[in-house]
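Here's the structure, in C-alpha cells; my notes come after.
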Amino acid sequence: MTNIPILNTISEIAEKYDAWFCDIWGVLHNGERVFGKAIEACQAYMKSGGSVILISNSPRPSFSVKHQFDMLGLPHNAYHAIVTSGDVTRGLIKNHAHLSLFHLGPERDVPLFEDISTQSTSAEKAEVLLCTGLFDDETETPDDYLDMLTQFAKRDVPMICANPDIQVERGDTLIYCAGALAEVYKRMNGRVLFAGKPHAPIYQEAQKQLEVLIHKALPQNKVLCVGDGIHTDIEGAHRNGFDVLYIASRLHTHKCNQNLTQKDVSTLFRDSSFSPVAAQIGLKW
C-alpha cells in the first residue's frame, strides 16, 4: 500500500471535488460537543461553492437529527442537507408494515415511526425485529442480548438494523450501537437488512438529495466522502465508488489528539482492500 498523506487542511484537496458527503458523529461532534474547526471547514467549503450533504448512521430521521444539532449548537449553515440511516430505515419499515414489529432500542429513537402505521407487538410475537440500538447503551453490552437474539434467530425473524455502527464516541466514552447487535445476530445465522453505511441505499439517497440541490447528477469522482469509521465510512465510500478522507478518532486510534503519521494510518489500513485518499487528525480548513 502506498503512503496515505496526512493533510494539515482539507483545502489541499477540496478543489478536486464539487461536493462532500460528510459523516456527522465523530467528525462534526462527539454527542456532547461540536468540533468548531470541522464546522468552519464545512462553512468555508460552502462559501467556495461546494455542496455539503451530511450522511449519518444515526437511526433517527433527519428532522430529529436537526433538533439534536440545535441542542448541541451545531449551526444549520454548515450543510445543505442531511441523509440518515433512519431516513432509509423508514422506507424499510413501510415495506414491512404488514408484519408485527418489535422495536429493540431506546425511547429517543421513537421519532423514526412518525406518520408510519405499524403493528407493534412483544418480542415473543414479533414477525420482524427493528433494532435501533441497545435499550441502555450507558450500562449494557451486546452480551446482555444473547438470549433475546437467540430466540429471534430460532424463529428466523428478520432484523432491520437502523444503525450499522458497532461503536461511537459519546464524549470520552465508546458506546455500543445497533450494528454490534446485528453482528451478533449474523453470527447466529439471523437475517439482517442494513440501512446505513457501508451499504448502498444511504449513498443512493445522498446522491438524490445532491441532485435536487444542484439540479444535475454529479459524477462520483467529484464527490468526496469524509468519515472516521473504517468499516462504515471508509469501506462504504470505497464500495460505492467515492474517494474518502479518513478523520482519525478514538474508534480506531489513540493518536487522534496527537501527532498522526503516515505509518500510523497505513498500519490501520494494512489488511484492508480499500484505503482513503488522505487522512486528518480532525476535519479543518
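Order determines the names: the first chain of the C-alpha cells is A, the second B, and so forth; residues in each chain are numbered 1 upward, and ligands are numbered 1 upward as they are shown.
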
When you look at stretch 87-90 of chain A with a cut-off of 12 Å (counting only C-alpha atoms), what residues show up, excluding the ones that are within fewer than 5 positions of it in the same chain? I need them as number ranges by chain.
A: 55-65, 82, 95-97, 109-118, 130-132, 159-164, 193-197, 199-206

Would you kindly return, as a PyMOL selection string, each protein, DNA or RNA residue with an atom no farther than 8 Å from any atom of stretch 273-276 of chain A, considering only C-alpha atoms and excluding same-chain residues fewer than 3 positions away?
chain A and resi 4+234-235+238+243-246+269+279

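Minimum distance to A:Gly190 across A:Leu149, A:Ala217, A:Ala41, A:Val168 (counting only C-alpha atoms) occurs at A:Leu149.
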
Pick out the residues sitting within 6 Å of stretch 169-177 of chain A, and hand them over as a list in words; count only C-alpha atoms, and ignore anything fewer than 2 positions along from it in its own chain.
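Close residues of stretch 169-177 of chain A: Asn30, Gly31, Glu32, Gly133, Asp165, Ile166, Gln167, Gly179 and Ala180 of chain A.
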
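In terms of minimum interatomic distance to A:Asp233, A:Leu54 ranks closest within A:Leu54, A:Met46, A:Ile13, A:Ala153, counting only C-alpha atoms.
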
A:Leu146 surroundings by only C-alpha atoms, 9 Å radius, close-in-sequence under 3 positions cut, as a PyMOL selection string:
chain A and resi 142-143+149-151+181+184-185

Can you spit out the residues from that selection as a CSV table (one decimal), in the first residue's frame, using C-alpha atoms?
chain,number,residue,atom,x,y,z
A,142,PRO,CA,-24.3,-7.0,23.3
A,143,ASP,CA,-23.8,-9.9,25.7
A,149,LEU,CA,-31.4,-12.6,19.9
A,150,THR,CA,-31.2,-16.4,20.1
A,151,GLN,CA,-34.9,-16.7,20.4
A,181,LEU,CA,-26.2,-6.4,17.9
A,184,VAL,CA,-24.1,-10.9,16.9
A,185,TYR,CA,-27.4,-11.8,15.1

Neighbour list for A:Gln43 as a list in words, cut-off 10 Å, only C-alpha atoms, skip fewer than 3 positions in-chain
Lys37, Ala38, Ile39, Glu40, Met46, Lys47, Ser48, Gly50, Ser51, Val52, Pro75, His76, Asn77, Ala78, Tyr79 and Trp285 of chain A

Only C-alpha atoms, please: the residues just picked out, written as a PDB file, in the first residue's frame.
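File produced: result.pdb:
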ATOM      1  CA  LYS A  37     -12.798  23.634  13.238  1.00  0.00           C
ATOM      2  CA  ALA A  38     -14.841  20.967  11.450  1.00  0.00           C
ATOM      3  CA  ILE A  39     -17.851  23.291  11.333  1.00  0.00           C
ATOM      4  CA  GLU A  40     -15.647  26.072   9.974  1.00  0.00           C
ATOM      5  CA  MET A  46     -19.729  26.037   1.050  1.00  0.00           C
ATOM      6  CA  LYS A  47     -18.538  29.633   0.641  1.00  0.00           C
ATOM      7  CA  SER A  48     -16.146  28.409  -2.062  1.00  0.00           C
ATOM      8  CA  GLY A  50     -19.060  23.381  -2.704  1.00  0.00           C
ATOM      9  CA  SER A  51     -22.105  21.402  -1.595  1.00  0.00           C
ATOM     10  CA  VAL A  52     -22.198  19.623   1.761  1.00  0.00           C
ATOM     11  CA  PRO A  75     -25.260  25.620  13.026  1.00  0.00           C
ATOM     12  CA  HIS A  76     -27.560  24.865  10.125  1.00  0.00           C
ATOM     13  CA  ASN A  77     -25.398  26.970   7.797  1.00  0.00           C
ATOM     14  CA  ALA A  78     -22.679  24.302   7.904  1.00  0.00           C
ATOM     15  CA  TYR A  79     -24.507  21.977   5.499  1.00  0.00           C
ATOM     16  CA  TRP A 285      -9.910  24.046   6.583  1.00  0.00           C
TER      17      TRP A 285
END

If we count only C-alpha atoms and set the cut-off at 12 Å, which residues sit around A:Leu283, ignoring sequence neighbours fewer than 4 positions away in its own chain? Please answer as a PyMOL selection string.
chain A and resi 6-11+14+22-24+26-29+34-45+225-228+245-249+256+278-279

Two-atom distance - atom CA of A:Leu92, atom CA of A:Asn189 (Å)
20.4 Å

What is the atom CA of A:Pro5 to atom CA of A:Val277 distance in Å?
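Straight-line distance from atom CA of A:Pro5 to atom CA of A:Val277 works out to 7.4 Å.
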
Here is a test: counting only C-alpha atoms, which residue of A:Asn3, A:Gly241, A:Gln209, A:Glu183 is nearest to A:Lys222?
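Of A:Asn3, A:Gly241, A:Gln209, A:Glu183, the one nearest A:Lys222, counting only C-alpha atoms, is A:Gly241.
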
If you run DSSP on the backbone, which residues of stretch 136-185 of chain A are helix (DSSP H, G or I), as a PyMOL selection string?
chain A and resi 142-154+178-185

Quick one: pick out all strand (DSSP E) residues within stretch 22-89 of chain A from a backbone DSSP run and write them as a list in words.
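DSSP-assigned strand (DSSP E) residues in stretch 22-89 of chain A: Cys22, Ser51, Val52, Ile53, Leu54, Ile55, Ser56, Ala81, Ile82, Val83 and Thr84 of chain A.
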
Quick one: residues within 6 Å of A:Phe102, only C-alpha atoms, excluding same-chain residues fewer than 2 positions away - as a VMD selection string?
chain A and resid 120 to 123 126 129

May I have the residues from that selection written out with C-alpha atoms, as a PDB file, in the first residue's frame?
ATOM      1  CA  SER A 120     -46.214  -3.119  17.435  1.00  0.00           C
ATOM      2  CA  THR A 121     -46.029  -6.289  19.484  1.00  0.00           C
ATOM      3  CA  SER A 122     -43.944  -8.183  22.042  1.00  0.00           C
ATOM      4  CA  ALA A 123     -40.615  -9.855  21.305  1.00  0.00           C
ATOM      5  CA  ALA A 126     -42.852 -10.275  16.515  1.00  0.00           C
ATOM      6  CA  LEU A 129     -37.245  -7.011  14.610  1.00  0.00           C
TER       7      LEU A 129
END
